[in-house]
file entry.csv (CSV, C-alpha atoms)
chain,number,residue,atom,x,y,z
A,28,MET,CA,86.0,73.7,83.5
A,29,LEU,CA,88.0,75.4,86.2
A,30,THR,CA,86.4,78.0,88.4
A,31,CYS,CA,87.7,81.6,88.4
A,32,LYS,CA,89.0,81.1,91.9
A,33,GLU,CA,91.0,78.1,90.8
A,34,PHE,CA,92.3,80.0,87.8
A,35,LEU,CA,93.5,82.9,90.0
A,36,GLN,CA,95.3,80.4,92.3
A,37,GLU,CA,97.3,79.2,89.3
A,38,LEU,CA,97.8,82.6,87.7
A,39,ASN,CA,101.4,83.1,88.8
A,40,ASP,CA,102.7,79.8,87.6
A,41,PHE,CA,100.7,80.2,84.4
A,42,LEU,CA,102.3,83.6,83.8
A,43,ASP,CA,105.7,82.3,84.6
A,44,GLU,CA,105.2,79.5,82.2
A,45,SER,CA,106.0,76.9,84.8
A,46,ILE,CA,102.9,74.9,84.2
A,47,ASP,CA,102.7,72.2,81.5
A,48,GLY,CA,100.3,69.6,80.2
A,49,GLU,CA,96.8,69.0,81.4
A,50,LEU,CA,96.6,71.9,83.8
A,51,ARG,CA,97.9,74.4,81.3
A,52,ARG,CA,95.2,73.3,78.8
A,53,HIS,CA,92.5,73.7,81.5
A,54,LEU,CA,93.8,77.2,82.3
A,55,GLU,CA,93.9,78.1,78.6
A,56,ALA,CA,90.4,76.8,78.1
A,57,HIS,CA,89.1,78.8,81.1
A,58,VAL,CA,90.6,82.0,79.8
A,59,SER,CA,89.1,81.5,76.4
A,60,GLU,CA,85.7,81.2,77.9
A,61,CYS,CA,85.8,83.6,80.8
A,62,PRO,CA,86.0,87.3,79.8
A,63,ASN,CA,86.8,88.4,83.4
A,64,CYS,CA,89.8,86.1,83.7
A,65,PHE,CA,90.9,87.0,80.2
A,66,VAL,CA,91.1,90.6,81.3
A,67,ILE,CA,92.8,89.8,84.6
A,68,LEU,CA,95.4,87.7,82.8
A,69,ASP,CA,96.0,90.4,80.1
A,70,THR,CA,96.2,93.3,82.6
A,71,THR,CA,98.5,91.3,85.0
A,72,LYS,CA,100.8,90.5,82.1
A,73,ARG,CA,100.9,94.1,81.1
A,74,THR,CA,101.5,95.2,84.7
A,75,ILE,CA,104.6,92.9,84.9
A,76,ARG,CA,105.7,94.0,81.4
A,77,VAL,CA,105.5,97.7,82.2
A,78,TYR,CA,107.7,97.2,85.3
A,79,LYS,CA,110.2,95.0,83.6
A,80,GLY,CA,110.5,97.5,80.7
A,81,MET,CA,111.4,100.4,82.9
A,82,ASP,CA,115.1,101.1,82.8
A,83,PRO,CA,116.7,102.1,86.1
A,84,GLN,CA,117.0,105.8,86.5
A,85,THR,CA,120.5,107.4,86.2
A,86,ILE,CA,121.7,107.9,89.8
A,87,PRO,CA,122.3,111.5,90.9
A,88,ASP,CA,125.8,112.8,90.0
A,89,ASP,CA,126.6,113.6,93.7
A,90,VAL,CA,125.5,110.1,94.8
A,91,HIS,CA,127.8,108.6,92.1
A,92,SER,CA,130.7,110.8,93.1
A,93,ARG,CA,130.4,109.9,96.8
A,94,LEU,CA,130.3,106.2,95.9
A,95,MET,CA,133.4,106.4,93.8
A,96,SER,CA,135.4,108.4,96.4
A,97,ALA,CA,134.3,105.9,99.1
A,98,LEU,CA,135.6,103.1,96.9
A,99,ASP,CA,138.8,104.9,96.1
A,100,LYS,CA,139.5,105.2,99.8
A,101,LYS,CA,138.8,101.5,100.3
A,102,LEU,CA,141.1,100.6,97.4
A,103,ALA,CA,143.8,102.9,98.6
A,104,ALA,CA,143.6,101.5,102.1
A,105,ARG,CA,143.9,98.0,100.7
A,106,SER,CA,146.9,98.7,98.5
A,107,ASN,CA,148.6,100.3,101.5
A,108,SER,CA,148.0,97.3,103.8
B,12,MET,CA,131.6,70.0,78.4
B,13,ALA,CA,129.6,72.5,76.3
B,14,ASP,CA,130.4,73.5,72.7
B,15,THR,CA,133.6,75.6,72.7
B,16,THR,CA,132.4,78.2,70.1
B,17,PRO,CA,131.7,81.3,72.2
B,18,THR,CA,128.3,83.0,71.7
B,19,ALA,CA,127.7,86.7,72.3
B,20,ALA,CA,126.4,85.9,75.7
B,21,ASP,CA,129.5,83.8,76.5
B,22,LEU,CA,131.7,86.8,75.6
B,23,GLN,CA,129.7,89.1,77.8
B,24,GLU,CA,130.1,86.6,80.6
B,25,ALA,CA,133.8,86.1,80.0
B,26,ASP,CA,134.3,89.9,79.9
B,27,GLU,CA,132.6,90.2,83.2
B,28,LEU,CA,134.6,87.4,84.8
B,29,ALA,CA,137.8,89.0,83.5
B,30,LEU,CA,136.7,92.2,85.2
B,31,VAL,CA,136.2,90.4,88.4
B,32,ASP,CA,139.5,88.7,88.1
B,33,GLN,CA,141.3,92.0,87.4
B,34,SER,CA,139.5,93.6,90.3
B,35,ARG,CA,140.6,90.8,92.7
B,36,LYS,CA,144.2,91.7,91.7
B,37,GLY,CA,143.5,95.3,92.8
B,38,ASP,CA,142.7,96.8,89.4
B,39,GLY,CA,140.5,99.8,90.4
B,40,ALA,CA,139.5,100.6,86.8
B,41,ALA,CA,138.1,97.1,86.4
B,42,TYR,CA,136.1,97.3,89.5
B,43,GLY,CA,134.9,100.8,88.5
B,44,GLU,CA,133.5,99.3,85.3
B,45,LEU,CA,131.6,96.7,87.3
B,46,VAL,CA,130.3,99.5,89.5
B,47,ARG,CA,129.3,101.5,86.4
B,48,ARG,CA,127.3,98.5,85.1
B,49,TYR,CA,125.3,97.8,88.2
B,50,GLU,CA,125.1,100.9,90.4
B,51,ARG,CA,121.8,102.0,88.9
B,52,LYS,CA,120.2,98.7,89.6
B,53,ILE,CA,121.5,98.5,93.1
B,54,TYR,CA,120.4,102.0,93.9
B,55,ARG,CA,116.9,101.3,92.5
B,56,LEU,CA,116.7,98.1,94.5
B,57,ALA,CA,117.7,99.9,97.7
B,58,ARG,CA,115.3,102.7,97.1
B,59,ASN,CA,112.5,100.4,96.3
B,60,ILE,CA,113.0,98.4,99.5
B,61,THR,CA,113.7,101.2,101.9
B,62,GLN,CA,111.8,104.0,100.2
B,63,ASN,CA,114.4,106.4,101.4
B,64,ASP,CA,117.1,108.2,99.4
B,65,GLU,CA,119.7,108.5,102.2
B,66,ASP,CA,119.3,104.9,103.1
B,67,ALA,CA,119.6,103.9,99.5
B,68,GLU,CA,122.9,105.8,99.2
B,69,ASP,CA,124.3,104.1,102.2
B,70,ILE,CA,123.3,100.8,100.9
B,71,LEU,CA,124.8,101.5,97.5
B,72,GLN,CA,128.2,102.3,99.1
B,73,ASP,CA,128.1,99.4,101.6
B,74,THR,CA,127.1,96.9,98.9
B,75,PHE,CA,130.0,97.8,96.5
B,76,ILE,CA,132.5,98.0,99.4
B,77,LYS,CA,131.3,94.7,100.8
B,78,ALA,CA,131.4,93.1,97.4
B,79,TYR,CA,134.9,94.3,96.8
B,80,GLU,CA,136.1,93.0,100.1
B,81,HIS,CA,134.5,89.6,99.4
B,82,LEU,CA,135.4,89.2,95.7
B,83,ASP,CA,137.3,86.1,96.6
B,84,THR,CA,134.1,84.3,97.6
B,85,PHE,CA,132.5,85.0,94.2
B,86,GLN,CA,132.6,81.6,92.5
B,87,GLY,CA,131.8,82.6,89.0
B,88,ASN,CA,129.2,79.9,88.7
B,89,SER,CA,126.4,82.5,88.9
B,90,LYS,CA,126.2,85.9,87.2
B,91,PHE,CA,128.1,88.7,89.0
B,92,TYR,CA,124.8,90.6,89.1
B,93,THR,CA,123.0,87.8,90.9
B,94,TRP,CA,125.8,87.7,93.4
B,95,ILE,CA,125.9,91.4,94.1
B,96,VAL,CA,122.2,91.9,94.1
B,97,ARG,CA,122.0,89.4,97.0
B,98,ILE,CA,124.5,91.6,98.9
B,99,GLY,CA,122.3,94.6,98.1
B,100,VAL,CA,119.2,92.8,99.3
B,101,ASN,CA,120.8,91.9,102.6
B,102,GLU,CA,122.1,95.4,103.1
B,103,SER,CA,118.6,96.8,102.3
B,104,LEU,CA,116.8,94.4,104.6
B,105,MET,CA,119.3,95.2,107.5
B,106,LYS,CA,118.6,98.9,107.0
B,107,LEU,CA,114.9,98.3,106.9
B,108,ARG,CA,114.9,96.3,110.1
B,109,LYS,CA,117.3,98.7,111.9
B,110,ARG,CA,115.3,101.8,111.1
B,111,LYS,CA,113.9,102.6,114.5
B,112,THR,CA,111.3,105.1,113.3
B,113,ASP,CA,109.8,102.6,110.9
B,114,LYS,CA,106.1,102.4,111.6
B,115,THR,CA,105.3,100.1,108.7
B,116,VAL,CA,104.4,96.5,108.9
B,117,PRO,CA,107.5,94.4,109.6
B,118,LEU,CA,108.8,92.4,106.7
B,119,ASP,CA,108.4,89.0,108.3
B,120,GLU,CA,104.8,89.5,109.5
B,121,PRO,CA,102.7,86.5,108.9
B,122,VAL,CA,100.9,87.5,105.7
B,123,ASP,CA,100.2,84.1,104.3
B,124,THR,CA,96.8,83.7,105.9
B,125,GLY,CA,95.5,81.3,103.3
B,126,GLU,CA,92.9,83.8,102.2
B,127,ASP,CA,92.1,84.0,98.5
B,128,PRO,CA,93.5,86.9,96.6
B,129,VAL,CA,90.9,89.5,95.9
B,130,VAL,CA,90.2,91.0,92.5
B,131,ARG,CA,87.9,94.0,92.3
B,132,GLU,CA,88.8,96.1,89.4
B,133,ILE,CA,88.3,94.4,86.1
B,134,ALA,CA,88.6,96.7,83.1
B,135,VAL,CA,90.4,96.6,79.8
B,136,TRP,CA,93.5,98.8,79.5
B,137,GLY,CA,93.6,101.3,76.7
B,138,GLU,CA,96.7,102.1,74.7
B,139,ASP,CA,100.0,100.8,76.1
B,140,PRO,CA,101.1,103.0,78.9
B,141,GLU,CA,104.6,103.0,77.5
B,142,ASN,CA,103.2,105.0,74.5
B,143,LYS,CA,100.7,107.1,76.3
B,144,TYR,CA,102.9,108.5,79.1
B,145,SER,CA,106.4,110.1,79.1
B,146,GLN,CA,109.1,108.0,80.9
B,147,GLU,CA,109.0,110.4,83.8
B,148,GLU,CA,105.2,110.3,84.2
B,149,LEU,CA,105.2,106.5,83.9
B,150,ARG,CA,108.0,106.1,86.4
B,151,LYS,CA,106.1,108.2,88.9
B,152,ILE,CA,102.9,106.1,88.5
B,153,LEU,CA,104.9,102.9,88.8
B,154,ASP,CA,107.0,104.0,91.8
B,155,GLU,CA,103.9,105.3,93.7
B,156,SER,CA,102.1,102.0,93.1
B,157,VAL,CA,104.9,99.8,94.1
B,158,GLN,CA,105.6,101.9,97.2
B,159,SER,CA,102.0,101.6,98.3
B,160,LEU,CA,102.4,97.8,98.7
B,161,ARG,CA,103.1,96.4,102.2
B,162,PRO,CA,106.9,95.7,102.7
B,163,ALA,CA,106.4,92.0,102.7
B,164,PHE,CA,104.8,92.0,99.2
B,165,ARG,CA,106.8,94.9,97.9
B,166,THR,CA,110.2,93.2,98.5
B,167,VAL,CA,109.1,90.0,96.8
B,168,PHE,CA,107.7,91.9,93.8
B,169,VAL,CA,110.9,94.1,93.5
B,170,LEU,CA,113.2,91.0,93.5
B,171,ARG,CA,111.1,88.9,91.2
B,172,ASP,CA,109.6,91.3,88.7
B,173,ILE,CA,111.9,94.3,88.7
B,174,GLU,CA,115.3,92.8,89.5
B,175,GLU,CA,114.3,89.6,87.8
B,176,LEU,CA,115.6,87.1,90.3
B,177,SER,CA,114.2,83.6,90.1
B,178,THR,CA,111.7,82.3,92.7
B,179,GLU,CA,114.5,80.2,94.3
B,180,GLU,CA,116.9,83.1,94.4
B,181,THR,CA,114.2,85.4,95.9
B,182,ALA,CA,113.3,82.7,98.5
B,183,GLN,CA,117.0,82.4,99.4
B,184,ALA,CA,117.6,86.1,99.6
B,185,LEU,CA,114.6,86.8,101.8
B,186,GLN,CA,114.8,83.5,103.8
B,187,LEU,CA,111.3,82.6,102.8
B,188,SER,CA,109.9,79.3,101.6
B,189,ILE,CA,109.2,79.0,97.9
B,190,PRO,CA,105.4,78.7,98.5
B,191,ALA,CA,105.6,81.9,100.6
B,192,VAL,CA,107.4,83.7,97.7
B,193,LYS,CA,104.8,82.6,95.2
B,194,SER,CA,101.9,83.5,97.4
B,195,ARG,CA,103.3,87.0,98.2
B,196,LEU,CA,104.1,87.5,94.5
B,197,LEU,CA,100.6,86.7,93.4
B,198,ARG,CA,99.1,89.1,95.9
B,199,ALA,CA,101.6,91.8,94.9
B,200,ARG,CA,101.0,91.4,91.2
B,201,LEU,CA,97.3,91.4,91.7
B,202,GLN,CA,97.4,94.5,93.9
B,203,LEU,CA,99.6,96.4,91.4
B,204,ARG,CA,97.3,95.2,88.5
B,205,GLU,CA,94.4,96.7,90.4
B,206,LYS,CA,96.2,100.0,91.1
B,207,LEU,CA,97.4,100.4,87.6
B,208,THR,CA,94.1,99.4,86.1
B,209,ARG,CA,92.6,102.4,87.9
B,210,VAL,CA,95.0,104.6,86.0
B,211,PHE,CA,95.4,102.8,82.7
B,212,LYS,CA,91.8,101.5,82.0
B,213,ARG,CA,90.3,102.5,78.7
B,214,LYS,CA,88.3,105.6,79.0
B,215,GLY,CA,84.6,105.0,79.3
B,216,ASP,CA,85.1,101.5,80.6
B,217,ASP,CA,84.2,101.0,84.2
B,218,VAL,CA,84.2,98.1,86.6
B,219,PHE,CA,81.9,95.6,85.0
B,220,ALA,CA,82.3,92.6,87.2
B,221,TYR,CA,83.2,91.3,90.6
B,222,LEU,CA,84.7,88.0,91.4

call {"tool": "encode", "arguments": {"input": "entry.csv", "output": "structure tokens"}}
result
Amino acid sequence: MLTCKEFLQELNDFLDESIDGELRRHLEAHVSECPNCFVILDTTKRTIRVYKGMDPQTIPDDVHSRLMSALDKKLAARSNS
Amino acid sequence: MADTTPTAADLQEADELALVDQSRKGDGAAYGELVRRYERKIYRLARNITQNDEDAEDILQDTFIKAYEHLDTFQGNSKFYTWIVRIGVNESLMKLRKRKTDKTVPLDEPVDTGEDPVVREIAVWGEDPENKYSQEELRKILDESVQSLRPAFRTVFVLRDIEELSTEETAQALQLSIPAVKSRLLRARLQLREKLTRVFKRKGDDVFAYL
């Protein structure tokens, strides 16, 4: 059985599903027997999920307008050159 | 060659490539559509990296202007977003490094000390935060947590878990090795997990273990 320290070292690859075979089975076995690592795995997954699920905020209207007018100038300069 | 039947994803891709193509020919409306699709993401990226609204606005403009000027170098073998986000990252990092008043830890500080990541707070979360908090409240909690990370960790987390770049793309954008990206990402994820657990843990539960 892996130690908690070893489990933590592999946590990222485990979460990103870039681990296969024997090591994955060892990690799964550790999580099923270690309540602390089970909680760490679950709350880390939820941490990532909550960030991924957050849509980018609409940008302020004035920021958008200034962006578009900066681009218009650029495009105009290009078509005149 | 792949199957010729276009999938929905293929169509989306083709549409985007067509927009790039039209933009190259000077079609402002086509480029405007590309801007509309990605301006929020680039602005979020810039704000997350620089933590400054004015800098973020400059970066937003510089990124889309630079991208327009260099559209000819976009090969079309990666997604347009992956390409433009790299420009956004470079602009953001330049801004961060240039900021004379910046007193925070530099981005390329040696943080990979080989120490084991530390976990202190181990508690079960209650209801999903997405259901418990309003979008606005949740955004505030998430923003404050991510902004409290050291720049070296924050940047990796932002690229990997918010902007969803691959480990390889993140390494390339930040000029870090893949092991350095992985190590920083692990620390960032665990630190955020820790911060969010303090807010989201089930009521009545407290720390019940130390590793």

call {"tool": "closest_residue", "arguments": {"input": "entry.csv", "among": "B:Leu170, B:Leu45, B:Ile189, B:Val135", "to": "chain A", "atoms": "all atoms listed in the file"}}
result
B:Val135

call {"tool": "closest_atom_pairs", "arguments": {"input": "entry.csv", "of": "stretch 48-82 of chain A", "to": "stretch 37-42 of chain A", "cutoff": "9 Å", "atoms": "all atoms listed in the file", "output": "CSV"}}
result
residue,atom,partner,partner_atom,distance
A:Arg51,CA,A:Phe41,CA,7.1
A:Leu54,CA,A:Phe41,CA,7.8
A:Leu68,CA,A:Leu38,CA,7.5
A:Thr71,CA,A:Leu42,CA,8.7
A:Lys72,CA,A:Leu42,CA,7.3

call {"tool": "write_last_selection", "arguments": {"input": "entry.csv", "atoms": "C-alpha atoms", "output": "mmCIF file, in the frame of the given file"}}
result
data_model
loop_
_atom_site.group_PDB
_atom_site.id
_atom_site.type_symbol
_atom_site.label_atom_id
_atom_site.label_comp_id
_atom_site.auth_asym_id
_atom_site.auth_seq_id
_atom_site.Cartn_x
_atom_site.Cartn_y
_atom_site.Cartn_z
ATOM 1 C CA ARG A 51 97.900 74.400 81.300
ATOM 2 C CA LEU A 54 93.800 77.200 82.300
ATOM 3 C CA LEU A 68 95.400 87.700 82.800
ATOM 4 C CA THR A 71 98.500 91.300 85.000
ATOM 5 C CA LYS A 72 100.800 90.500 82.100
#

call {"tool": "closest_residue", "arguments": {"input": "entry.csv", "among": "B:Ile60, B:Ala134, B:Ile98, B:Val31", "to": "A:Cys64", "atoms": "all atoms listed in the file"}}
result
B:Ala134

call {"tool": "atom_distance", "arguments": {"input": "entry.csv", "atom1": "atom CA of B:Leu28", "atom2": "atom CA of B:His81"}}
result
14.8 Å

call {"tool": "interface_residues", "arguments": {"input": "entry.csv", "of": "chain A", "to": "chain B", "cutoff": "8 Å", "atoms": "all atoms listed in the file", "output": "number ranges by chain"}}
result
A: 31-32, 35-36, 38-39, 63, 66-67, 70-71, 74-75, 77-79, 81, 83-86, 90, 94-95, 97-99, 101-102, 106

call {"tool": "atom_distance", "arguments": {"input": "entry.csv", "atom1": "atom CA of B:Ala40", "atom2": "atom CA of A:Asp82"}}
result
24.7 Å

call {"tool": "atom_distance", "arguments": {"input": "entry.csv", "atom1": "atom CA of B:Lys143", "atom2": "atom CA of B:Arg48"}}
result
29.3 Å
